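The structure appears right after this line, and notes come after that.
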Amino acid sequence: MRKMFSAVAILVMASLALAACGTAVPAPSVDTVTVKETVVVEVTSSAPVVVAPTGYGVTLKTVMERGNLVCGVNSQVPGFGYVGADGSFAGIDVDYCRALAAAIFGDATKVEFRPVTAAERFTALQSGEIDILSRNTTWSLVRDTELGGNFVHTTFYDGQGMMVPKDSGIKTLQDLAGGTICVQTGTTTELNLADVMASLGVAYTPAVFEDADSTFAAYSEGRCDAVTTDKSGLVSRRSVLTDPSAHEILDVTMSKEPLGPMVRHGDDQWFDIAQWTVFTMFSGEEFGITSANVDDIRANATAPEVRRMLGVEGDLGLKLGLTNDWAYNIIKLVGNYEEIYNRNLGPDTPTYIPRGYNSLYTDGGLLYSPPFR
Ligand SMILES: N[C@@H](CCC(=O)N[C@@H](CS)C(=O)NCC(=O)O)C(=O)O
């Protein structure tokens with residue numbers, strides 16, 4: 001088996017080397033190829049060679065057999081993941097789950113939202129309790145490695161901030177010397193706070209809480225001089241304080257917090273589906289395709305990339321293990337990135353956050369989708 005795979009690997013590598021820009025690049029010679037992992041590969045003369053490690057395809061199969069997606073979300077952060085009094089979930093991260101369900105089932109309602117706190121979210125993903133984590137989670141090296149995850153593309157670029165009562169007179173982090181700062185456990189927030197204050201030489205006392213409700217309750221009861229988390233979290237939670245206008249987010253950014261969905265290691269098909277769901281949202285906005293005009297565009301589009309993306313031409317959806325109308329369904333049933341953003345964080349919401357870095361690259365932002373081809 002090992003020998004057979006080595007031969008296949010050499011063939012694949014050799015053909016890739018030849019294919020690159022149509023130029024012949026020297027392929028490795030037989031005795032320099034080392035194959036570390038043995039993988040079962042079905043080879044027939046006509047079928048394409050797919051090198052599929054164990055675990056590949058398992059998540060989609062499980063989700064399809066179950067008949068719904070189980071998405072780990074926040075329930076305490078309006079605009080990102082929040083459960084209303086009627087039990088319904090809303091937020092940009094929640095809508096991403098709906099988009100993924102739309103891509104898989106052609107039905108955005110086939111998703112069960114499973115609230116997870118910061119501390120429990122990674123165990124929930126590792127144990128298989130959830131199929132994906134979509135909950136204001138920061139991409140970091142430790143989470144990519146020790147915590148066994150793969151982050152798909154960032155859906156919201158953020159940074160850590162500090163909020164204080166306006167009448168406190170606090171304007172800088174140095175003004176917090178000797179003070180108490182409310183912070184949530186199990187977060188990058190807790191670690192950044194320690195790093196930033198140490199580098200500034202500012203002594204403070206952290207008051208650590210398990211979830212957002214208790215963190216912000218302590219802050220609003222005056223048990224801390226300030227509260228820190230992602231700036232998005234501060235805007236979000238300020239909107240549900242008794243008097244939002246009495247609180248100020250300091251003009252300081254303490255870290256980079258690229259937030260996005262996370263999947264388990266080991267299932268690259270699932271990673272691709274999760275990834276291209278994000279890219280469909282971005283490209284929908286870039287190409288001006290909305291939930292309102294997607295039918296019209298699908299019927300009349302001439303641009304080849306739009307036709308491929310919407311499944312009029314080609315078989316991009318099949319390559320992901322889905323149907324060819326997967327991207328159409330995302331946009332039709334949930335919307336493009338701009339629609340999702342505005343619904344949850346736009347100017348008409350209590351959690352308004354200007355787009356900033358979260359604009360398309362064509363508008364000076366960081367959102368950029370690779371091509372649909
Ligand atoms: N992005 C940071 C912080 C995310 C985070 O958990 N923030 C808190 C404060 S806004 C939160 O969402 N809490 C809600 C909860 O635990 O229910 C991370 O990934 O560690």
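Each chain in the structure tokens gets a letter, A, B, ..., in the order shown, and its residues are numbered from 1; ligands are numbered from 1 in order too.
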Ala203 in chain A environment, 8 Å, only C-alpha atoms, sequence neighbours closer than 6 positions dropped, as a PDB file with N, CA and C atoms, in the first residue's frame:
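Result written to part14.pdb:
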```pdb
ATOM      1  N   ALA A 177      -4.534  52.971  36.476  1.00  0.00           N
ATOM      2  CA  ALA A 177      -3.552  52.473  37.465  1.00  0.00           C
ATOM      3  C   ALA A 177      -4.203  52.313  38.834  1.00  0.00           C
ATOM      4  N   GLY A 178      -4.034  51.104  39.410  1.00  0.00           N
ATOM      5  CA  GLY A 178      -4.590  50.830  40.737  1.00  0.00           C
ATOM      6  C   GLY A 178      -6.067  50.466  40.706  1.00  0.00           C
ATOM      7  N   GLY A 179      -6.660  50.485  39.534  1.00  0.00           N
ATOM      8  CA  GLY A 179      -8.104  50.224  39.425  1.00  0.00           C
ATOM      9  C   GLY A 179      -8.429  48.751  39.225  1.00  0.00           C
ATOM     10  N   MET A 197      -1.097  45.766  29.887  1.00  0.00           N
ATOM     11  CA  MET A 197      -0.879  46.533  31.116  1.00  0.00           C
ATOM     12  C   MET A 197       0.557  46.324  31.633  1.00  0.00           C
TER      13      MET A 197
END
```
Item to check | Neighbour list for Ser236 in chain A as number ranges by chain, cut-off 12 Å, only C-alpha atoms, skip fewer than 6 positions in-chain | outcome: A: 75-82, 91-92, 136, 163, 212-213, 216, 229-230, 244, 249, 344-345, 349-353
Next on the checklist: Could you pull out the strand (DSSP E) residues of range 123-276 of chain A, going by DSSP on the backbone, and write them as a VMD selection string?
Outcome noted: chain A and resid 132 to 133 149 to 151 156 to 158 160 to 165 180 to 184 205 to 209 226 to 230 247 to 249 257 to 259 262 to 264
Item to check | Top pick for closest residue to ligand 1, considering A:Val94, A:Ala108, A:Leu125, A:Val235 and counting only C-alpha atoms and all ligand atoms | outcome: A:Val235
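The space separating CA of Arg308 in chain A from CA of Phe279 in chain A comes to 13.7 Å.
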Next on the checklist: I'd like the neighbourhood of Cys182 in chain A as a ChimeraX atom specification, where a residue qualifies if any of its atoms comes within 8 Å (using only C-alpha atoms), though same-chain residues fewer than 3 positions away should be ignored.
Outcome noted: /A:206-209,215-216,218-219,224-228
Store the residues picked out above in a file with N, CA and C atoms, as a PDB file, in the first residue's frame.
```
ATOM      1  N   PRO A 206      -7.590  42.440  38.126  1.00  0.00           N
ATOM      2  CA  PRO A 206      -8.634  41.914  37.237  1.00  0.00           C
ATOM      3  C   PRO A 206      -9.785  41.331  38.057  1.00  0.00           C
ATOM      4  N   ALA A 207     -11.003  41.571  37.647  1.00  0.00           N
ATOM      5  CA  ALA A 207     -12.166  40.908  38.252  1.00  0.00           C
ATOM      6  C   ALA A 207     -12.718  40.008  37.155  1.00  0.00           C
ATOM      7  N   VAL A 208     -12.593  38.695  37.354  1.00  0.00           N
ATOM      8  CA  VAL A 208     -12.815  37.747  36.259  1.00  0.00           C
ATOM      9  C   VAL A 208     -14.186  37.069  36.388  1.00  0.00           C
ATOM     10  N   PHE A 209     -14.920  37.005  35.277  1.00  0.00           N
ATOM     11  CA  PHE A 209     -16.274  36.427  35.275  1.00  0.00           C
ATOM     12  C   PHE A 209     -16.404  35.388  34.163  1.00  0.00           C
ATOM     13  N   THR A 215     -20.117  39.640  33.633  1.00  0.00           N
ATOM     14  CA  THR A 215     -19.043  40.635  33.493  1.00  0.00           C
ATOM     15  C   THR A 215     -19.629  42.051  33.444  1.00  0.00           C
ATOM     16  N   PHE A 216     -20.651  42.201  32.594  1.00  0.00           N
ATOM     17  CA  PHE A 216     -21.199  43.550  32.403  1.00  0.00           C
ATOM     18  C   PHE A 216     -22.131  43.958  33.546  1.00  0.00           C
ATOM     19  N   ALA A 218     -21.438  43.261  36.686  1.00  0.00           N
ATOM     20  CA  ALA A 218     -20.488  43.750  37.690  1.00  0.00           C
ATOM     21  C   ALA A 218     -20.025  45.162  37.340  1.00  0.00           C
ATOM     22  N   TYR A 219     -19.765  45.376  36.047  1.00  0.00           N
ATOM     23  CA  TYR A 219     -19.333  46.714  35.607  1.00  0.00           C
ATOM     24  C   TYR A 219     -20.440  47.742  35.866  1.00  0.00           C
ATOM     25  N   CYS A 224     -16.323  47.486  39.079  1.00  0.00           N
ATOM     26  CA  CYS A 224     -15.049  47.661  38.369  1.00  0.00           C
ATOM     27  C   CYS A 224     -14.995  49.092  37.843  1.00  0.00           C
ATOM     28  N   ASP A 225     -13.772  49.570  37.636  1.00  0.00           N
ATOM     29  CA  ASP A 225     -13.612  50.919  37.081  1.00  0.00           C
ATOM     30  C   ASP A 225     -13.766  50.908  35.557  1.00  0.00           C
ATOM     31  N   ALA A 226     -13.568  49.749  34.966  1.00  0.00           N
ATOM     32  CA  ALA A 226     -13.627  49.640  33.505  1.00  0.00           C
ATOM     33  C   ALA A 226     -13.959  48.195  33.143  1.00  0.00           C
ATOM     34  N   VAL A 227     -14.375  48.005  31.905  1.00  0.00           N
ATOM     35  CA  VAL A 227     -14.598  46.647  31.412  1.00  0.00           C
ATOM     36  C   VAL A 227     -13.896  46.528  30.069  1.00  0.00           C
ATOM     37  N   THR A 228     -13.291  45.373  29.824  1.00  0.00           N
ATOM     38  CA  THR A 228     -12.565  45.205  28.563  1.00  0.00           C
ATOM     39  C   THR A 228     -13.021  43.952  27.824  1.00  0.00           C
TER      40      THR A 228
END
```
Next on the checklist: Please list as a ChimeraX atom specification every residue within 10 Å of Gln126 in chain A, counting only C-alpha atoms and excluding residues in the same chain fewer than 2 positions away.
Outcome noted: /A:121-124,128-132,147-149,263-265
Next on the checklist: Please compute the CA of Ala274 in chain A-CA of Ser255 in chain A distance, one decimal, in Å.
Outcome noted: 25.8 Å
Item to check | Non-local contacts of range 316-331 of chain A (9 Å; only C-alpha atoms; under 3 positions in same chain excluded) as a PyMOL selection string | outcome: chain A and resi 57+60+98-108+269-270+272-273+276-277+280-281+284+289-292+294-295+298+308-313+334-337+372-373
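The interatomic distance for the pair CA of Thr172 in chain A and CA of Met254 in chain A works out to 11.5 Å.
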